[in-house]
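work_18.txt follows; it contains compact mmCIF, C-alpha atoms and all ligand atoms.
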```
# COMPACT_ATOMS: atom_id res chain seq x y z
CA MET A 1 13.75 -0.53 11.66
CA GLY A 2 11.98 -2.21 8.74
CA LYS A 3 9.42 -0.04 7.02
CA ASP A 4 6.06 -1.64 6.33
CA VAL A 5 2.52 -0.95 5.15
CA ILE A 6 -0.20 -1.85 7.68
CA VAL A 7 -3.65 -2.47 6.20
CA ALA A 8 -6.49 -1.13 8.40
CA CYS A 9 -9.07 -3.94 8.40
CA ASP A 10 -12.00 -1.72 9.33
CA PHE A 11 -14.63 -4.39 8.79
CA SER A 12 -17.42 -5.17 11.24
CA SER A 13 -17.42 -8.95 10.92
CA ALA A 14 -15.02 -11.86 10.66
CA GLU A 15 -16.78 -12.90 7.45
CA ASP A 16 -16.02 -9.60 5.67
CA THR A 17 -12.47 -9.60 7.02
CA PHE A 18 -11.70 -13.09 5.78
CA ALA A 19 -13.34 -12.40 2.40
CA PHE A 20 -10.89 -9.49 2.10
CA LEU A 21 -7.83 -11.39 3.34
CA ASP A 22 -8.60 -14.38 1.11
CA ARG A 23 -7.69 -12.21 -1.89
CA PHE A 24 -4.08 -12.12 -0.72
CA THR A 25 -2.47 -15.35 -1.79
CA ASP A 26 1.21 -14.60 -2.45
CA VAL A 27 1.64 -11.83 0.18
CA LYS A 28 0.49 -11.62 3.82
CA PRO A 29 0.07 -7.94 4.75
CA PHE A 30 0.59 -6.61 8.27
CA VAL A 31 -3.00 -5.84 9.37
CA LYS A 32 -4.55 -3.47 11.88
CA ILE A 33 -7.52 -4.69 13.88
CA GLY A 34 -9.49 -1.93 15.56
CA MET A 35 -12.07 -1.74 18.31
CA GLU A 36 -15.09 -2.46 16.11
CA LEU A 37 -13.84 -5.79 14.83
CA TYR A 38 -12.26 -6.82 18.14
CA TYR A 39 -15.35 -6.00 20.17
CA SER A 40 -17.64 -7.77 17.74
CA GLU A 41 -15.57 -10.91 17.25
CA GLY A 42 -13.37 -11.14 20.36
CA PRO A 43 -9.85 -12.58 20.72
CA SER A 44 -10.61 -15.40 18.27
CA ILE A 45 -10.31 -12.96 15.35
CA VAL A 46 -6.73 -12.21 16.41
CA LYS A 47 -5.84 -15.90 16.72
CA GLU A 48 -7.43 -16.71 13.37
CA ILE A 49 -5.62 -13.94 11.47
CA LYS A 50 -2.32 -14.87 13.15
CA LYS A 51 -2.85 -18.47 12.08
CA ARG A 52 -3.15 -17.25 8.49
CA GLY A 53 0.36 -15.80 8.76
CA HIS A 54 -0.32 -12.06 9.14
CA LYS A 55 1.37 -9.71 11.59
CA ILE A 56 -1.19 -7.85 13.71
CA PHE A 57 -1.39 -4.33 15.08
CA LEU A 58 -4.18 -4.46 17.69
CA ASP A 59 -5.44 -0.89 17.90
CA LEU A 60 -7.39 -0.77 21.18
CA LYS A 61 -5.90 2.48 22.59
CA LEU A 62 -5.90 1.51 26.27
CA HIS A 63 -6.34 4.28 28.86
CA ASP A 64 -7.05 3.36 32.50
CA ILE A 65 -5.28 3.16 35.86
CA PRO A 66 -1.78 1.62 35.66
CA ASN A 67 -2.73 -1.69 37.32
CA THR A 68 -5.66 -2.31 34.95
CA VAL A 69 -3.58 -1.42 31.90
CA LYS A 70 -0.72 -3.67 33.06
CA LYS A 71 -3.02 -6.69 33.45
CA SER A 72 -4.82 -6.04 30.17
CA MET A 73 -1.54 -5.71 28.31
CA ALA A 74 -0.46 -9.09 29.70
CA VAL A 75 -3.57 -10.59 28.09
CA LEU A 76 -2.81 -8.94 24.73
CA SER A 77 0.78 -10.14 24.91
CA ARG A 78 -0.42 -13.72 25.32
CA LEU A 79 -2.54 -13.23 22.19
CA ASP A 80 0.78 -12.82 20.40
CA VAL A 81 -0.03 -9.57 18.64
CA ASP A 82 2.93 -7.83 16.99
CA MET A 83 2.00 -4.25 17.88
CA THR A 84 -0.48 -2.58 20.19
CA ASN A 85 -1.15 0.86 21.64
CA LEU A 86 -2.43 3.09 24.45
CA HIS A 87 -3.16 6.76 25.12
CA ALA A 88 -0.13 8.75 26.28
CA ALA A 89 -2.62 10.88 28.26
CA GLY A 90 -2.68 8.02 30.79
CA THR A 91 0.67 9.39 32.12
CA VAL A 92 4.21 7.99 32.27
CA ASP A 93 3.29 5.66 35.16
CA MET A 94 0.49 4.08 33.16
CA MET A 95 2.78 3.63 30.16
CA LYS A 96 5.52 2.04 32.31
CA ALA A 97 2.93 -0.37 33.73
CA ALA A 98 1.85 -1.22 30.19
CA VAL A 99 5.42 -2.11 29.19
CA GLU A 100 5.72 -4.34 32.28
CA GLY A 101 2.45 -6.10 31.53
CA LEU A 102 3.32 -6.61 27.89
CA THR A 103 6.79 -8.07 28.53
CA ARG A 104 6.84 -11.85 28.38
CA GLU A 105 8.90 -14.10 30.64
CA ASP A 106 11.61 -14.41 27.99
CA GLY A 107 11.94 -10.61 27.81
CA THR A 108 10.25 -10.23 24.40
CA ARG A 109 7.14 -8.15 23.84
CA PRO A 110 4.99 -6.70 21.04
CA ILE A 111 5.88 -3.21 19.77
CA LEU A 112 4.10 -0.66 21.98
CA ILE A 113 3.18 2.75 20.66
CA ALA A 114 1.25 5.69 22.09
CA VAL A 115 -1.50 7.87 20.72
CA THR A 116 -0.49 11.47 21.48
CA GLN A 117 -3.42 13.69 20.54
CA LEU A 118 -6.07 12.14 18.32
CA THR A 119 -6.12 13.85 14.94
CA SER A 120 -9.83 14.51 15.57
CA THR A 121 -8.89 16.79 18.49
CA SER A 122 -8.37 20.35 17.33
CA GLU A 123 -6.08 22.77 19.14
CA GLU A 124 -9.12 24.91 19.97
CA ARG A 125 -11.02 22.04 21.62
CA MET A 126 -7.93 20.81 23.41
CA GLN A 127 -7.51 24.25 24.96
CA ASN A 128 -11.18 25.08 25.61
CA GLU A 129 -12.52 21.67 26.65
CA LEU A 130 -9.47 19.90 28.07
CA LEU A 131 -7.92 23.09 29.48
CA ILE A 132 -4.51 22.26 28.04
CA ASN A 133 -2.91 25.65 27.54
CA ALA A 134 -0.20 24.65 25.13
CA SER A 135 -0.07 24.40 21.37
CA ILE A 136 -1.17 21.05 19.98
CA ASN A 137 2.31 20.50 18.49
CA ASP A 138 4.00 21.09 21.86
CA THR A 139 1.55 18.63 23.42
CA ILE A 140 2.31 16.00 20.77
CA VAL A 141 6.06 16.39 21.28
CA LYS A 142 5.77 16.27 25.09
CA TYR A 143 3.52 13.18 25.00
CA ALA A 144 5.97 11.50 22.60
CA GLN A 145 8.85 12.31 24.98
CA ASN A 146 6.81 10.88 27.88
CA ALA A 147 6.22 7.71 25.87
CA LYS A 148 9.94 7.42 25.19
CA GLU A 149 10.74 7.98 28.88
CA ALA A 150 8.32 5.19 29.82
CA GLY A 151 10.13 2.79 27.48
CA LEU A 152 7.65 2.70 24.61
CA ASP A 153 8.82 2.20 21.05
CA GLY A 154 7.04 5.06 19.32
CA VAL A 155 3.82 6.92 18.60
CA VAL A 156 0.92 7.03 16.18
CA CYS A 157 0.87 10.43 14.51
CA SER A 158 0.02 12.25 11.32
CA PRO A 159 2.76 11.82 8.70
CA LEU A 160 3.07 15.59 8.82
CA GLU A 161 4.08 15.32 12.51
CA ALA A 162 6.55 12.46 12.06
CA GLY A 163 9.52 14.76 11.41
CA MET A 164 8.95 16.76 14.57
CA VAL A 165 8.58 13.58 16.66
CA LYS A 166 11.83 12.18 15.21
CA ASP A 167 13.61 15.47 15.95
CA ALA A 168 12.47 15.35 19.59
CA CYS A 169 12.81 11.62 20.28
CA GLY A 170 15.46 10.36 17.86
CA CYS A 171 15.27 8.51 14.58
CA GLU A 172 14.95 5.11 16.30
CA PHE A 173 11.65 6.17 17.86
CA ILE A 174 8.95 4.64 15.64
CA THR A 175 6.28 6.70 13.90
CA VAL A 176 3.14 4.90 12.73
CA THR A 177 1.16 7.16 10.44
CA PRO A 178 -2.41 6.95 9.10
CA GLY A 179 -3.89 9.54 6.73
CA VAL A 180 -2.26 8.14 3.59
CA ARG A 181 -3.72 8.53 0.12
CA PHE A 182 -2.47 7.86 -3.40
CA ALA A 183 -1.69 11.03 -5.33
CA ASP A 184 -4.56 10.26 -7.72
CA GLY A 185 -6.97 8.92 -5.04
CA ASP A 186 -9.99 10.11 -3.07
CA ILE A 187 -9.16 11.66 0.32
CA GLY A 188 -12.58 10.77 1.84
CA ASP A 189 -13.00 12.12 5.38
CA GLN A 190 -9.26 12.48 6.05
CA VAL A 191 -8.04 16.07 6.09
CA ARG A 192 -4.27 16.15 6.43
CA VAL A 193 -3.15 13.46 4.06
CA THR A 194 0.05 12.48 2.36
CA THR A 195 1.12 9.93 -0.25
CA PRO A 196 3.07 6.75 0.58
CA GLU A 197 6.10 8.21 -1.18
CA LYS A 198 5.95 11.47 0.80
CA ALA A 199 5.45 9.53 4.07
CA LYS A 200 8.65 7.66 3.27
CA GLN A 201 10.55 10.91 2.70
CA ILE A 202 9.21 12.41 5.93
CA GLY A 203 10.47 9.40 7.88
CA SER A 204 7.38 7.34 8.79
CA ASP A 205 8.29 3.79 9.79
CA TYR A 206 4.87 2.27 9.23
CA ILE A 207 1.95 3.70 7.25
CA VAL A 208 -1.59 2.62 8.13
CA VAL A 209 -3.73 2.47 5.01
CA GLY A 210 -7.44 1.61 5.02
CA ARG A 211 -9.84 2.55 2.26
CA PRO A 212 -7.29 3.20 -0.50
CA ILE A 213 -6.67 -0.58 -0.24
CA THR A 214 -9.88 -2.07 1.23
CA ALA A 215 -12.19 -0.15 -1.12
CA ALA A 216 -10.00 -0.48 -4.24
CA ALA A 217 -11.30 -2.38 -7.24
CA ASP A 218 -8.20 -4.57 -6.90
CA PRO A 219 -7.04 -4.47 -3.24
CA VAL A 220 -4.01 -6.67 -3.83
CA GLU A 221 -2.74 -4.40 -6.59
CA ALA A 222 -3.40 -1.30 -4.43
CA TYR A 223 -1.50 -2.91 -1.53
CA LYS A 224 1.44 -3.74 -3.78
CA ARG A 225 1.47 -0.20 -5.17
CA CYS A 226 1.57 1.14 -1.63
CA VAL A 227 4.47 -1.12 -0.67
CA GLU A 228 6.35 -0.17 -3.82
CA GLU A 229 5.93 3.56 -3.17
CA PHE A 230 6.61 3.39 0.56
CA VAL A 231 9.18 0.63 0.97
CA GLY A 232 10.61 0.80 -2.56
O1 LIG B 301 -9.43 4.36 5.46
P1 LIG B 301 -8.28 5.15 6.02
O2 LIG B 301 -6.98 4.98 5.25
O3 LIG B 301 -8.63 6.60 6.27
O4 LIG B 301 -8.02 4.46 7.44
C1 LIG B 301 -7.09 4.95 8.35
C2 LIG B 301 -7.08 4.10 9.59
O5 LIG B 301 -6.24 4.73 10.55
C3 LIG B 301 -8.44 3.95 10.26
O6 LIG B 301 -8.47 2.67 10.90
C4 LIG B 301 -8.46 5.05 11.28
O7 LIG B 301 -9.28 4.80 12.37
C5 LIG B 301 -6.98 5.07 11.70
N1 LIG B 301 -6.53 6.34 12.28
C6 LIG B 301 -6.59 7.55 11.61
N2 LIG B 301 -6.14 8.68 12.21
C7 LIG B 301 -5.64 8.63 13.45
C8 LIG B 301 -5.56 7.43 14.14
C9 LIG B 301 -6.02 6.29 13.52
O8 LIG B 301 -7.02 7.60 10.47
N3 LIG B 301 -5.17 9.73 14.00
```
For this file, write the structure as C-alpha cells.
Ligand code: C5P
Amino acid sequence: MGKDVIVACDFSSAEDTFAFLDRFTDVKPFVKIGMELYYSEGPSIVKEIKKRGHKIFLDLKLHDIPNTVKKSMAVLSRLDVDMTNLHAAGTVDMMKAAVEGLTREDGTRPILIAVTQLTSTSEERMQNELLINASINDTIVKYAQNAKEAGLDGVVCSPLEAGMVKDACGCEFITVTPGVRFADGDIGDQVRVTTPEKAKQIGSDYIVVGRPITAAADPVEAYKRCVEEFVG
C-alpha cells in the first residue's frame, strides 16, 4: 500500500480551487473534494480536476438504504474518482451494496472507505443521544470490522486510532487520517492532532491535510514538507 498525502480542498468555488491547484506545477497532489465544493459545483469539478492529472478522494459520506447507495456509488464510479466513502452506520448490507455499485464491469473500482464515528461525536453524546451503550473505541473497532466484512478497503479515523484499527483488521486494511499538523504549526479547531511523521510511525496509509497546506504562505512548499515527513 503506497502512502500518500491527500490535500483537503475545502474551497467553496471552482475558481478558488483552481487558483490553489494552479500553484502546483511539478507535482500533482492527491486531492480531497468534500460536500461543499461538490454540491456547489457538481460533477464537473471532479472531471476538471481529474483532467488536470490529480487523483481524487470524493468525500461525500453516503448513508441511505442499500439500493440508493448502490446506485449512487455506480454514478461516482463512472466519474472515475480514486477514493470515496460512506458511513459504516449504514450497516454491513449497505456497505456490501456500495461495493457492488462501485465495481465496474472490468472488476476495478475506486478505493472505498468507511467513516466509523465522526471525530465530532463524543462518547457521551453517542451514549446519551444515540443510545449506543459501548465505549467509543469499541464502536470504532466494531464498525471497522463491519466495513472489512463488507469488503471495504479501510476507514477514515483519527491517527491516534489507526493502531487499534490495524490491530483489529490487519495491516492491509487502509487508514485515512485527518487531524494532521506540523510540529511548529497552528492546530486551529482540531483537537486530537498529530504530525505527519508521527502519523507515519502509527501506521496511517494516507493523511488528509487541509489548512496546514491550503492556508500556508507557500502551499507547494508545505505540501512537499508534508510528503517528506510522511512518505520520506
Ligand atoms: O484543515 P484541516 O487539516 O483541519 O482539514 C482536515 C480535513 O479533514 C477537513 O476536510 C475535514 O472536514 C476532514 N475531516 C476531519 N476529521 C474527520 C473527518 C474529516 O478533519 N474526522
Query - Top pick for closest residue to ligand LIG 301 (chain B), considering A:Val141, A:Met126, A:Ala19, A:Leu60 and counting all atoms listed in the file - result: A:Leu60
Report summary line: Nearest to ligand LIG 301 (chain B), restricted to all atoms listed in the file and choosing among A:Phe24, A:Phe173, A:Tyr206, A:Phe18, comes out as A:Tyr206
Requested in this report: Tell me which protein, DNA and RNA residues are within 7 Å of stretch 66-76 of chain A, counting only C-alpha atoms, leaving out same-chain ones fewer than 4 positions away, and put them as an NGL selection string.
Outcome: :A and (62 or 80-81 or 93-94 or 97-98 or 100-102)
Requested in this report: Identify, counting only C-alpha atoms and all ligand atoms, the protein, DNA and RNA residues located within 7 Å of ligand LIG 301 (chain B), and give them as a ChimeraX atom specification.
Outcome: /A:8,10,34,118-120,156-158,178-180,190,208-212
Query raised in the report: For the atom pair atom CA of A:Gly203 and atom CA of A:Ile113, what is the interatomic distance in Å to one decimal place?
Result: 16.1 Å
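Note that the spacing between atom CA of A:Pro159 and atom CA of A:Ala89 amounts to 20.3 Å.
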Query - Shortest interatomic distance to A:Lys28 - which of A:Arg78, A:His54, A:Lys198, A:Lys47, counting only C-alpha atoms - result: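 Nearest candidate to A:Lys28 out of A:Arg78, A:His54, A:Lys198, A:Lys47: A:His54.
Minimum distance to A:Thr177 across A:Cys226, A:Ile6, A:Leu58, A:Met35 (counting all atoms listed in the file) occurs at A:Ile6.
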Query - Computed interatomic separation between atom CA of A:Ile213 and atom CA of A:Val176 (Å) - result: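 Computed distance, atom CA of A:Ile213 to atom CA of A:Val176, equals 17.2 Å.
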Query raised in the report: Which one is closest to A:Val193: A:Leu160, A:Thr175, A:Gly53, A:Cys9? Count only C-alpha atoms.
Result: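 Checking each of A:Leu160, A:Thr175, A:Gly53, A:Cys9 against A:Val193, counting only C-alpha atoms, the winner is A:Leu160.
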Requested in this report: Tell me which of A:Thr25, A:Glu129, A:Ser44, A:Ile207 sits closest to A:Phe57, counting only C-alpha atoms.
Outcome: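 Closest to A:Phe57 of all the choices is A:Ile207.
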What's around A:Asn146 at 9 Å? Count all atoms listed in the file, leave out sequence neighbours fewer than 3 positions away in its own chain, and write the answer as an mmCIF file with C-alpha atoms, keeping the file's coordinate frame.
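As a result, out.cif now contains:
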```
data_model
loop_
_atom_site.group_PDB
_atom_site.id
_atom_site.type_symbol
_atom_site.label_atom_id
_atom_site.label_comp_id
_atom_site.auth_asym_id
_atom_site.auth_seq_id
_atom_site.Cartn_x
_atom_site.Cartn_y
_atom_site.Cartn_z
ATOM 1 C CA ALA A 88 -0.130 8.750 26.280
ATOM 2 C CA THR A 91 0.670 9.390 32.120
ATOM 3 C CA VAL A 92 4.210 7.990 32.270
ATOM 4 C CA MET A 95 2.780 3.630 30.160
ATOM 5 C CA VAL A 141 6.060 16.390 21.280
ATOM 6 C CA LYS A 142 5.770 16.270 25.090
ATOM 7 C CA TYR A 143 3.520 13.180 25.000
ATOM 8 C CA GLU A 149 10.740 7.980 28.880
ATOM 9 C CA ALA A 150 8.320 5.190 29.820
ATOM 10 C CA GLY A 151 10.130 2.790 27.480
ATOM 11 C CA LEU A 152 7.650 2.700 24.610
#
```
